[in-house]
Amino acid sequence: MSLAIKDDEIDIVIGAIRSDLTSFMNEWRPMFSRFHIIIVKDPDLKEELKIPEGFNLDVYEKPDIDRVVGSSTSGLFSGYACRYFGYLVSRKKYIISVDDDCLPAQDPKGFLVDAVAQHITNLTTPATPFFFNTLYDPFTEGADFVRGYPFSLRSGVKCAFSSGLWLNLVDHDAPSQALKARQRNSRYVDAVMTVPAGSLVPISGINIAFDREVVGPALVPALKLAGEGKFRWETMEDIWSGLCVKVACDHLGLGVKTGLPYVRRIDRGDPIVSLKKEWEGVKLTEEVVPFFQSVRLSREATTVADCVVEVANAAKERLGSTDPVFARAAKAMLDWVNLWKLVGSISSQSPAV
Amino acid sequence: MATVSPTPLLKDELDIVIPTIRNLDFLEMWRPFFQPYHLIIVQDGDPSKAIKVPEGFDYELYNRNDINRILGPKASCISFKDSACRCFGYMISKKKYIYTIDDDCFVAKDPSGKDINALEQHIKNLLCPSTPFFFNTLYDPYRDGADFVRGYPFSLREGVPTAVSHGLWLNIPDYDAPTQLVKPLERNKRYVDAIMTIPKGTLFPMCGMNLAFNRELIGPAMYFGLMGDGQPIGRYDDMWAGWCTKVICDHLGLGVKTGLPYIWHSKASNPFVNLKKEYKGIYWQEELIPFFQSVTLTKDCTTVQKCYIEISKQVKAKLGKVDDYFNKLADAMVTWIEAWDELNPSAAKSAELPNGATK
């Protein structure tokens, strides 16, 4: 049922928040080595990157970012948001992106999970956002639509985004992480499912894949916490970005899947230290979610970029006065859409910048 | 948040409703899990046939004669020669919770080989909140070893009361007739270790084979429609109840969960017989889904009964023209509520929820 896609339609984009990528790249070698890889170094990172041999890759660092987008907008790409630069300059149709502190996970049978292959399967089989299938992904081997599922909805819609999960260190906010410091996610849920239309979801940026041609402009490096840091629980950029993606996909009739594949997150960081910084993110969520739940896009928004512009304007209008971080996010979204027009939407035949 | 206290048995608060026309031998396998509970057996088909219930179970049994006697003319709303008659059991029960199971469903094993106590899992599901307003990517956040993920607003973490727990099936999957014909050998072997809340505004196909609900919260919505003898349709009883239930739950701020527990579904029904029953449903479904997706319930629909009557009016107004069957069904829906309120007089008032308005 899935479309046949070629290896050269895929880019793997890694944001390097840490300098030594040796064990990361070596552990992912069986899954990554066939593909072109874009590594973007966090502009704030001072050390030289250490990357092992044998990969087909392009590395971008601060000077490259400045050159391509200009130093006034290069601030969009600091910290975890550096990966978005990779999305911008990629010339491939599909992008897979994992955090640099994630390694391949093992499934319950002990086999290493090929996260790349699973994401590609998710993106190349239809999504079913308009009616919930109780056996989850109907296009997976051994499953199907259940009795009572309308036939007219069984061809599904294009899946634009695939959100994977994580074993070991859970993607908690800082307060939960601090309270449950020893809790680890060991439950392997063997399912992929479409997040229903109209239902919003906190999409973690740790392990994602998407159709760049369709939904690239909606992955916005926009919401930067004042105290944003170098641990996932000190960020909100992916949550904001994921809500933009979901709102745009719902409006345009595209699908978002969640579930497999799993990656394994390495333990690191002290959540109690981060608590001081991340309270900001937790507080902001209380504004962010109701905002996205109430955003209504117009009929004139017929592309993902149109949707992003409307969300940005709505954010500026409704949230701008609540906290300056939202006004900055709205501006960043508009800057991003412009960048995408200038740099990002060059056809895949063009050479990389 | 994770408590490791044992799940309460709720043996005086829960009835197990089983429709049957044959025998109840399957109860032997369930004995370790079901014996503490009261059973309500709804005997379909020929009332002169004696149904043997295995020793040691506490039960009440109703055949068609009993249903006619108890409901009088209102018995017309209860299906005959179809497992939809089980909803009589919901109506006659005096308990807070109902678990219903088909007589070809057996105890399944989890991946470690352990027998699954389906009833215990349903009770867990019903006793802990649902989260319909924002999807949690780690599924049920109240489960041992799980939690809300980063980005999930704290203000939504209390959840809402759970009205329905929809379980799944290993082995014979619940497919419609066309799919059964195309894939006669497919078996559901995938154990998906998750429970999740179906988001507000999303409909789903509710299967009645392995289903539990809070009768006090949602009972009157669990009418399984007019099916079987004399009716143009079958195998859409649980579907109909599920769509009405979900619309009402969404309106009243109640949760519907799906996922664990699994039971082992042993018997594949004849796909050609099924096709005859489902045939009209497959076409009508295409009208029914947009209908349910656009049902509006006003602020004065503050009880399940009021919501249900309102839906019946909209069924008549909008679906009557699809087929006259829906006019009869709309009338039967009203009869059902009248019968429910007659048999459950004190519950009629107490089911009022403070805020019936949609968020």
# chains A, B, ... in the order shown; residues from 1 in each chain; ligands from 1
>>> residues_around(residues="region 126-128 of chain B", least_positions_apart="3", cutoff="8 Å", atoms="only C-alpha atoms", output="list in words")
His122, Ile123, Tyr142, Pro161, Thr162, Ala163, Val164, Ser165, Ala212, Phe213 and Asn214 of chain B
>>> write_last_selection(atoms="N, CA and C atoms", output="PDB file, in the first residue's frame")
ATOM      1  N   HIS B 122     -11.101  -3.139  32.822  1.00  0.00           N
ATOM      2  CA  HIS B 122     -12.211  -2.225  32.536  1.00  0.00           C
ATOM      3  C   HIS B 122     -12.525  -1.368  33.756  1.00  0.00           C
ATOM      4  N   ILE B 123     -12.516  -1.991  34.928  1.00  0.00           N
ATOM      5  CA  ILE B 123     -12.798  -1.243  36.160  1.00  0.00           C
ATOM      6  C   ILE B 123     -11.743  -0.159  36.362  1.00  0.00           C
ATOM      7  N   TYR B 142      -2.588   8.190  33.387  1.00  0.00           N
ATOM      8  CA  TYR B 142      -2.779   7.766  34.781  1.00  0.00           C
ATOM      9  C   TYR B 142      -2.271   6.355  35.014  1.00  0.00           C
ATOM     10  N   PRO B 161     -14.588  12.584  34.099  1.00  0.00           N
ATOM     11  CA  PRO B 161     -15.006  11.217  34.450  1.00  0.00           C
ATOM     12  C   PRO B 161     -15.120  10.339  33.209  1.00  0.00           C
ATOM     13  N   THR B 162     -14.764   9.080  33.374  1.00  0.00           N
ATOM     14  CA  THR B 162     -14.829   8.133  32.267  1.00  0.00           C
ATOM     15  C   THR B 162     -16.183   7.454  32.257  1.00  0.00           C
ATOM     16  N   ALA B 163     -16.849   7.528  31.111  1.00  0.00           N
ATOM     17  CA  ALA B 163     -18.167   6.908  31.011  1.00  0.00           C
ATOM     18  C   ALA B 163     -18.107   5.527  30.359  1.00  0.00           C
ATOM     19  N   VAL B 164     -17.161   5.353  29.424  1.00  0.00           N
ATOM     20  CA  VAL B 164     -17.128   4.115  28.636  1.00  0.00           C
ATOM     21  C   VAL B 164     -15.710   3.587  28.543  1.00  0.00           C
ATOM     22  N   SER B 165     -15.590   2.262  28.660  1.00  0.00           N
ATOM     23  CA  SER B 165     -14.299   1.590  28.441  1.00  0.00           C
ATOM     24  C   SER B 165     -14.506   0.546  27.345  1.00  0.00           C
ATOM     25  N   ALA B 212     -17.505  -1.921  28.679  1.00  0.00           N
ATOM     26  CA  ALA B 212     -17.952  -1.588  30.031  1.00  0.00           C
ATOM     27  C   ALA B 212     -18.339  -0.121  30.071  1.00  0.00           C
ATOM     28  N   PHE B 213     -19.284   0.208  30.929  1.00  0.00           N
ATOM     29  CA  PHE B 213     -19.638   1.617  31.044  1.00  0.00           C
ATOM     30  C   PHE B 213     -20.217   1.923  32.410  1.00  0.00           C
ATOM     31  N   ASN B 214     -20.189   3.191  32.717  1.00  0.00           N
ATOM     32  CA  ASN B 214     -20.779   3.693  33.948  1.00  0.00           C
ATOM     33  C   ASN B 214     -22.245   3.973  33.650  1.00  0.00           C
TER      34      ASN B 214
END
>>> closest_atom_pairs(of="chain B", to="chain A", cutoff="9 Å", atoms="only C-alpha atoms", output="CSV")
residue,atom,partner,partner_atom,distance
B:Pro132,CA,A:Ser199,CA,8.7
B:Phe133,CA,A:Ser199,CA,7.4
B:Phe134,CA,A:Leu200,CA,5.6
B:Phe135,CA,A:Val201,CA,4.8
B:Asn136,CA,A:Val201,CA,6.6
B:Thr137,CA,A:Thr258,CA,7.1
B:Leu138,CA,A:Leu165,CA,8.0
B:Gly145,CA,A:Asn185,CA,6.4
B:Ala146,CA,A:Asn185,CA,6.9
B:Asp147,CA,A:His172,CA,7.9
B:Phe148,CA,A:His172,CA,7.1
B:Val149,CA,A:His172,CA,4.8
B:Arg150,CA,A:Asp173,CA,4.3
B:Gly151,CA,A:Pro202,CA,5.4
B:Tyr152,CA,A:Pro202,CA,6.4
B:Pro153,CA,A:Glu286,CA,5.5
B:Phe154,CA,A:Glu286,CA,7.3
B:Ser155,CA,A:Glu286,CA,7.0
B:Leu168,CA,A:Thr134,CA,7.9
B:Pro173,CA,A:Val146,CA,7.7
B:Asp174,CA,A:Val146,CA,5.8
B:Tyr175,CA,A:Arg147,CA,4.5
B:Asp176,CA,A:Arg147,CA,4.2
B:Ala177,CA,A:Arg147,CA,8.0
B:Thr179,CA,A:Asp144,CA,8.2
B:Glu186,CA,A:Gly142,CA,6.6
B:Arg187,CA,A:Gly142,CA,7.0
B:Asn188,CA,A:Gly142,CA,6.4
B:Lys189,CA,A:Gly142,CA,7.4
B:Arg190,CA,A:Asp190,CA,7.4
B:Tyr191,CA,A:Asp190,CA,7.2
B:Val192,CA,A:Asp190,CA,5.2
B:Asp193,CA,A:Val189,CA,5.1
B:Ala194,CA,A:Val189,CA,6.3
B:Ile198,CA,A:Phe132,CA,7.8
B:Pro199,CA,A:Ser199,CA,6.3
B:Lys200,CA,A:Ser199,CA,7.4
B:Gly201,CA,A:Gly198,CA,7.2
B:Thr202,CA,A:Phe131,CA,6.3
B:Leu203,CA,A:Phe131,CA,5.6
B:Phe204,CA,A:Phe132,CA,4.8
B:Pro205,CA,A:Gly148,CA,5.1
B:Met206,CA,A:Gly148,CA,8.0
B:Cys207,CA,A:Arg147,CA,8.2
B:Arg235,CA,A:Arg147,CA,8.6
B:Tyr236,CA,A:Gly148,CA,7.4
B:Met239,CA,A:Gly148,CA,6.3
B:Thr258,CA,A:Thr134,CA,7.2
B:Gly259,CA,A:Thr134,CA,7.5
B:Gly281,CA,A:Gly148,CA,8.6
B:Ile282,CA,A:Pro150,CA,7.3
B:Tyr283,CA,A:Phe151,CA,8.8
B:Gln285,CA,A:Pro150,CA,6.2
B:Glu286,CA,A:Pro150,CA,6.2
B:Ile289,CA,A:Pro150,CA,7.6
>>> select_by_dssp(residues="region 112-328 of chain B", states="strand (DSSP E or B)", output="ChimeraX atom specification")
/B:115,130,160,162-171,188,195-197,210-214,228,255-265
>>> write_last_selection(atoms="N, CA and C atoms", output="tab-separated table (two decimals), in the first residue's frame")
chain	number	residue	atom	x	y	z
B	115	ASP	N	-2.88	-14.88	31.92
B	115	ASP	CA	-4.30	-14.66	31.61
B	115	ASP	C	-4.68	-13.22	31.91
B	130	SER	N	-10.53	10.41	32.11
B	130	SER	CA	-10.21	10.44	30.68
B	130	SER	C	-9.67	11.82	30.34
B	160	VAL	N	-11.51	14.20	32.96
B	160	VAL	CA	-12.96	14.18	33.18
B	160	VAL	C	-13.36	12.75	33.54
B	162	THR	N	-14.76	9.08	33.37
B	162	THR	CA	-14.83	8.13	32.27
B	162	THR	C	-16.18	7.45	32.26
B	163	ALA	N	-16.85	7.53	31.11
B	163	ALA	CA	-18.17	6.91	31.01
B	163	ALA	C	-18.11	5.53	30.36
B	164	VAL	N	-17.16	5.35	29.42
B	164	VAL	CA	-17.13	4.12	28.64
B	164	VAL	C	-15.71	3.59	28.54
B	165	SER	N	-15.59	2.26	28.66
B	165	SER	CA	-14.30	1.59	28.44
B	165	SER	C	-14.51	0.55	27.35
B	166	HIS	N	-13.88	0.77	26.21
B	166	HIS	CA	-14.08	-0.07	25.02
B	166	HIS	C	-12.87	-0.98	24.87
B	167	GLY	N	-13.08	-2.27	25.07
B	167	GLY	CA	-11.96	-3.21	24.96
B	167	GLY	C	-11.83	-3.80	23.57
B	168	LEU	N	-10.72	-4.49	23.34
B	168	LEU	CA	-10.43	-5.03	22.01
B	168	LEU	C	-10.39	-6.56	22.01
B	169	TRP	N	-9.99	-7.15	20.88
B	169	TRP	CA	-10.09	-8.60	20.70
B	169	TRP	C	-8.87	-9.12	19.94
B	170	LEU	N	-8.31	-10.20	20.47
B	170	LEU	CA	-7.28	-10.92	19.74
B	170	LEU	C	-7.95	-12.06	18.99
B	171	ASN	N	-7.25	-12.60	18.01
B	171	ASN	CA	-7.73	-13.70	17.18
B	171	ASN	C	-8.71	-13.21	16.12
B	188	ASN	N	-6.08	-11.14	14.43
B	188	ASN	CA	-5.43	-10.03	15.12
B	188	ASN	C	-4.45	-10.59	16.13
B	195	ILE	N	-4.07	2.14	26.55
B	195	ILE	CA	-5.46	2.59	26.69
B	195	ILE	C	-5.40	4.07	26.34
B	196	MET	N	-6.36	4.55	25.61
B	196	MET	CA	-6.35	5.98	25.31
B	196	MET	C	-7.75	6.53	25.28
B	197	THR	N	-7.82	7.85	25.49
B	197	THR	CA	-9.11	8.52	25.41
B	197	THR	C	-9.35	8.91	23.97
B	210	ASN	N	-16.94	-6.49	24.12
B	210	ASN	CA	-16.06	-6.42	25.29
B	210	ASN	C	-16.08	-4.98	25.77
B	211	LEU	N	-17.18	-4.63	26.43
B	211	LEU	CA	-17.50	-3.22	26.65
B	211	LEU	C	-17.96	-3.00	28.08
B	212	ALA	N	-17.51	-1.92	28.68
B	212	ALA	CA	-17.95	-1.59	30.03
B	212	ALA	C	-18.34	-0.12	30.07
B	213	PHE	N	-19.28	0.21	30.93
B	213	PHE	CA	-19.64	1.62	31.04
B	213	PHE	C	-20.22	1.92	32.41
B	214	ASN	N	-20.19	3.19	32.72
B	214	ASN	CA	-20.78	3.69	33.95
B	214	ASN	C	-22.25	3.97	33.65
B	228	GLY	N	-32.38	-7.19	13.77
B	228	GLY	CA	-32.83	-8.59	13.79
B	228	GLY	C	-34.18	-8.80	13.14
B	255	GLY	N	-15.74	11.08	29.33
B	255	GLY	CA	-14.69	10.46	28.51
B	255	GLY	C	-15.02	9.06	28.04
B	256	VAL	N	-14.48	8.72	26.87
B	256	VAL	CA	-14.61	7.39	26.30
B	256	VAL	C	-13.21	6.87	26.04
B	257	LYS	N	-12.89	5.70	26.59
B	257	LYS	CA	-11.55	5.13	26.39
B	257	LYS	C	-11.62	3.91	25.50
B	258	THR	N	-10.54	3.64	24.81
B	258	THR	CA	-10.44	2.42	24.01
B	258	THR	C	-9.05	1.83	24.16
B	259	GLY	N	-8.95	0.53	23.92
B	259	GLY	CA	-7.65	-0.13	24.02
B	259	GLY	C	-7.77	-1.37	24.89
B	260	LEU	N	-6.84	-1.51	25.86
B	260	LEU	CA	-6.93	-2.66	26.78
B	260	LEU	C	-8.26	-2.60	27.54
B	261	PRO	N	-8.81	-3.75	27.92
B	261	PRO	CA	-8.23	-5.09	27.83
B	261	PRO	C	-8.58	-5.84	26.54
B	262	TYR	N	-7.80	-6.85	26.23
B	262	TYR	CA	-8.11	-7.76	25.14
B	262	TYR	C	-8.85	-8.97	25.69
B	263	ILE	N	-9.77	-9.48	24.89
B	263	ILE	CA	-10.33	-10.82	25.11
B	263	ILE	C	-9.98	-11.63	23.87
B	264	TRP	N	-10.24	-12.92	23.93
B	264	TRP	CA	-9.94	-13.80	22.80
B	264	TRP	C	-11.25	-14.11	22.10
B	265	HIS	N	-11.39	-13.61	20.89
B	265	HIS	CA	-12.63	-13.82	20.15
B	265	HIS	C	-12.49	-15.07	19.32
>>> atom_distance(atom1="CA of Ser298 (chain A)", atom2="CA of Glu310 (chain A)")
8.1 Å
>>> closest_residue(among="B:Asn23, B:Asn344, B:Leu10, B:Ile78", to="Glu216 (chain B)", atoms="only C-alpha atoms")
B:Asn344
>>> select_by_dssp(residues="region 62-255 of chain B", states="alpha helix (DSSP H)", output="ChimeraX atom specification")
/B:64-71,87-92,118-127,177-182,215-218,237-252
>>> residues_around(residues="Ile311 (chain B)", least_positions_apart="6", cutoff="10 Å", atoms="only C-alpha atoms", output="list in words")
Cys244, Val247, Ile248, Phe292, Val295, Thr296, Leu297, Gln305, Ala317, Ala330, Met333 and Val334 of chain B
>>> atom_distance(atom1="CA of Leu297 (chain A)", atom2="CA of Pro217 (chain A)")
15.8 Å
>>> residues_around(residues="Phe33 (chain B)", least_positions_apart="5", cutoff="9 Å", atoms="only C-alpha atoms", output="list of chain:residue names")
B:Asn117, B:Ala118, B:Leu119, B:Glu120
>>> atom_distance(atom1="CA of Lys318 (chain B)", atom2="CA of Pro290 (chain B)")
10.8 Å
>>> residues_around(residues="Cys249 (chain A)", least_positions_apart="2", cutoff="12 Å", atoms="only C-alpha atoms", output="ChimeraX atom specification")
/A:127,129,157-161,194-200,210-211,214-219,242-247,251-257,297,301-308
>>> residues_around(residues="Gln231 (chain B)", least_positions_apart="5", cutoff="9 Å", atoms="only C-alpha atoms", output="ChimeraX atom specification")
/B:79,226,325
>>> write_last_selection(atoms="C-alpha atoms", output="tab-separated table (two decimals), in the first residue's frame")
chain	number	residue	atom	x	y	z
B	79	SER	CA	-34.74	-6.23	19.34
B	226	LEU	CA	-33.87	-2.00	16.25
B	325	TYR	CA	-36.54	2.68	9.20
>>> closest_residue(among="B:Leu71, B:Val182, B:Ile92, B:Ala84", to="Leu39 (chain B)", atoms="only C-alpha atoms")
B:Ile92
>>> decode(residues="region 156-168 of chain A", atoms="all heavy atoms", output="compact mmCIF listing (two decimals), in the first residue's frame")
# COMPACT_ATOMS: atom_id res chain seq x y z
N GLY A 156 -8.37 7.29 3.04
CA GLY A 156 -7.51 8.13 3.88
C GLY A 156 -7.01 9.37 3.16
O GLY A 156 -7.41 9.69 2.04
N VAL A 157 -6.12 10.08 3.85
CA VAL A 157 -5.52 11.29 3.29
C VAL A 157 -4.00 11.18 3.40
O VAL A 157 -3.49 10.30 4.08
CB VAL A 157 -5.98 12.58 4.03
CG1 VAL A 157 -7.48 12.75 3.91
CG2 VAL A 157 -5.56 12.56 5.49
N LYS A 158 -3.32 12.09 2.77
CA LYS A 158 -1.87 12.08 2.81
C LYS A 158 -1.37 12.30 4.24
O LYS A 158 -1.86 13.17 4.95
CB LYS A 158 -1.32 13.19 1.92
CG LYS A 158 0.19 13.27 1.97
CD LYS A 158 0.76 13.98 0.79
CE LYS A 158 2.27 14.00 0.86
NZ LYS A 158 2.90 12.76 1.33
N CYS A 159 -0.39 11.52 4.64
CA CYS A 159 0.22 11.74 5.95
C CYS A 159 1.39 12.70 5.77
O CYS A 159 2.35 12.39 5.05
CB CYS A 159 0.71 10.44 6.57
SG CYS A 159 1.50 10.73 8.17
N ALA A 160 1.33 13.85 6.39
CA ALA A 160 2.37 14.86 6.22
C ALA A 160 3.41 14.81 7.33
O ALA A 160 4.52 15.31 7.15
CB ALA A 160 1.74 16.25 6.18
N PHE A 161 3.05 14.20 8.48
CA PHE A 161 3.92 14.29 9.64
C PHE A 161 3.84 13.00 10.44
O PHE A 161 2.77 12.44 10.63
CB PHE A 161 3.46 15.47 10.50
CG PHE A 161 4.47 15.89 11.53
CD1 PHE A 161 5.33 16.96 11.29
CD2 PHE A 161 4.58 15.23 12.75
CE1 PHE A 161 6.26 17.36 12.23
CE2 PHE A 161 5.52 15.61 13.69
CZ PHE A 161 6.36 16.69 13.44
N SER A 162 5.00 12.54 10.89
CA SER A 162 5.06 11.32 11.70
C SER A 162 5.79 11.63 12.99
O SER A 162 6.96 12.03 12.98
CB SER A 162 5.79 10.23 10.91
OG SER A 162 6.18 9.16 11.76
N SER A 163 5.12 11.44 14.11
CA SER A 163 5.71 11.77 15.40
C SER A 163 6.03 10.47 16.15
O SER A 163 5.12 9.71 16.46
CB SER A 163 4.69 12.61 16.18
OG SER A 163 5.13 12.82 17.49
N GLY A 164 7.29 10.22 16.40
CA GLY A 164 7.67 8.98 17.07
C GLY A 164 7.78 9.16 18.58
O GLY A 164 7.65 10.26 19.11
N LEU A 165 8.04 8.06 19.28
CA LEU A 165 8.10 8.08 20.74
C LEU A 165 9.49 7.71 21.24
O LEU A 165 10.42 7.54 20.46
CB LEU A 165 7.04 7.14 21.31
CG LEU A 165 5.60 7.59 21.09
CD1 LEU A 165 4.63 6.49 21.53
CD2 LEU A 165 5.32 8.88 21.85
N TRP A 166 9.61 7.58 22.60
CA TRP A 166 10.93 7.40 23.20
C TRP A 166 10.83 6.44 24.38
O TRP A 166 9.90 6.49 25.18
CB TRP A 166 11.46 8.74 23.70
CG TRP A 166 10.57 9.85 23.27
CD1 TRP A 166 10.63 10.57 22.13
CD2 TRP A 166 9.38 10.31 23.94
NE1 TRP A 166 9.59 11.45 22.03
CE2 TRP A 166 8.79 11.31 23.13
CE3 TRP A 166 8.75 9.95 25.15
CZ2 TRP A 166 7.62 11.97 23.48
CZ3 TRP A 166 7.57 10.60 25.50
CH2 TRP A 166 7.01 11.61 24.67
N LEU A 167 11.80 5.56 24.44
CA LEU A 167 11.93 4.71 25.62
C LEU A 167 13.01 5.29 26.51
O LEU A 167 13.80 6.12 26.09
CB LEU A 167 12.29 3.28 25.19
CG LEU A 167 11.19 2.53 24.44
CD1 LEU A 167 11.72 1.23 23.88
CD2 LEU A 167 10.00 2.28 25.36
N ASN A 168 13.02 4.82 27.73
CA ASN A 168 13.97 5.29 28.74
C ASN A 168 13.57 6.67 29.24
O ASN A 168 12.51 6.82 29.85
CB ASN A 168 15.40 5.21 28.24
CG ASN A 168 16.41 5.33 29.38
OD1 ASN A 168 16.21 4.74 30.44
ND2 ASN A 168 17.46 6.10 29.18
